[in-house]
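> I have a structure here, written as structure tokens, and I will follow up with some questions on it.
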Amino acid sequence: MGKLGLFLQSACILTAAAIIGNWFLAELRKSRLHGKPWYAAYLSIPGIIILAAILLVPIVIHLKSL
């Protein structure tokens, strides 16, 4: 069950990343179409999710090393 569980976890993470990435790109295209500033896509829900994930990675790595 170990390898199957790891495979399923990896598949779920990659699927979620693909969905959020496509959602973010749609928001980016929409903001460019409306002539909004470059950071407008980062203020949308998928942008905030991506920024939170990027900011949480060092914290998670630090907590795992304890």
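Ordered as shown in the structure tokens, chains take letters A, B, and onward, while each chain numbers its residues from 1 and ligands are numbered from 1 in the order shown.
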Identify, on the basis of only C-alpha atoms, every residue whose closest approach to segment 49-63 of chain A does not exceed 12 Å; exclude the query and any residue fewer than 5 positions from it along the same chain; express the result as number ranges by chain.
A: 16-25, 39, 41-44
> Expressed in Å to a single decimal, how great is the separation between atom CA of Ala26 of chain A and atom CA of Trp38 of chain A?
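Between atom CA of Ala26 of chain A and atom CA of Trp38 of chain A the gap works out to 13.6 Å.
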> By how many Å are atom CA of Ser31 of chain A and atom CA of Thr15 of chain A apart?
24.4 Å
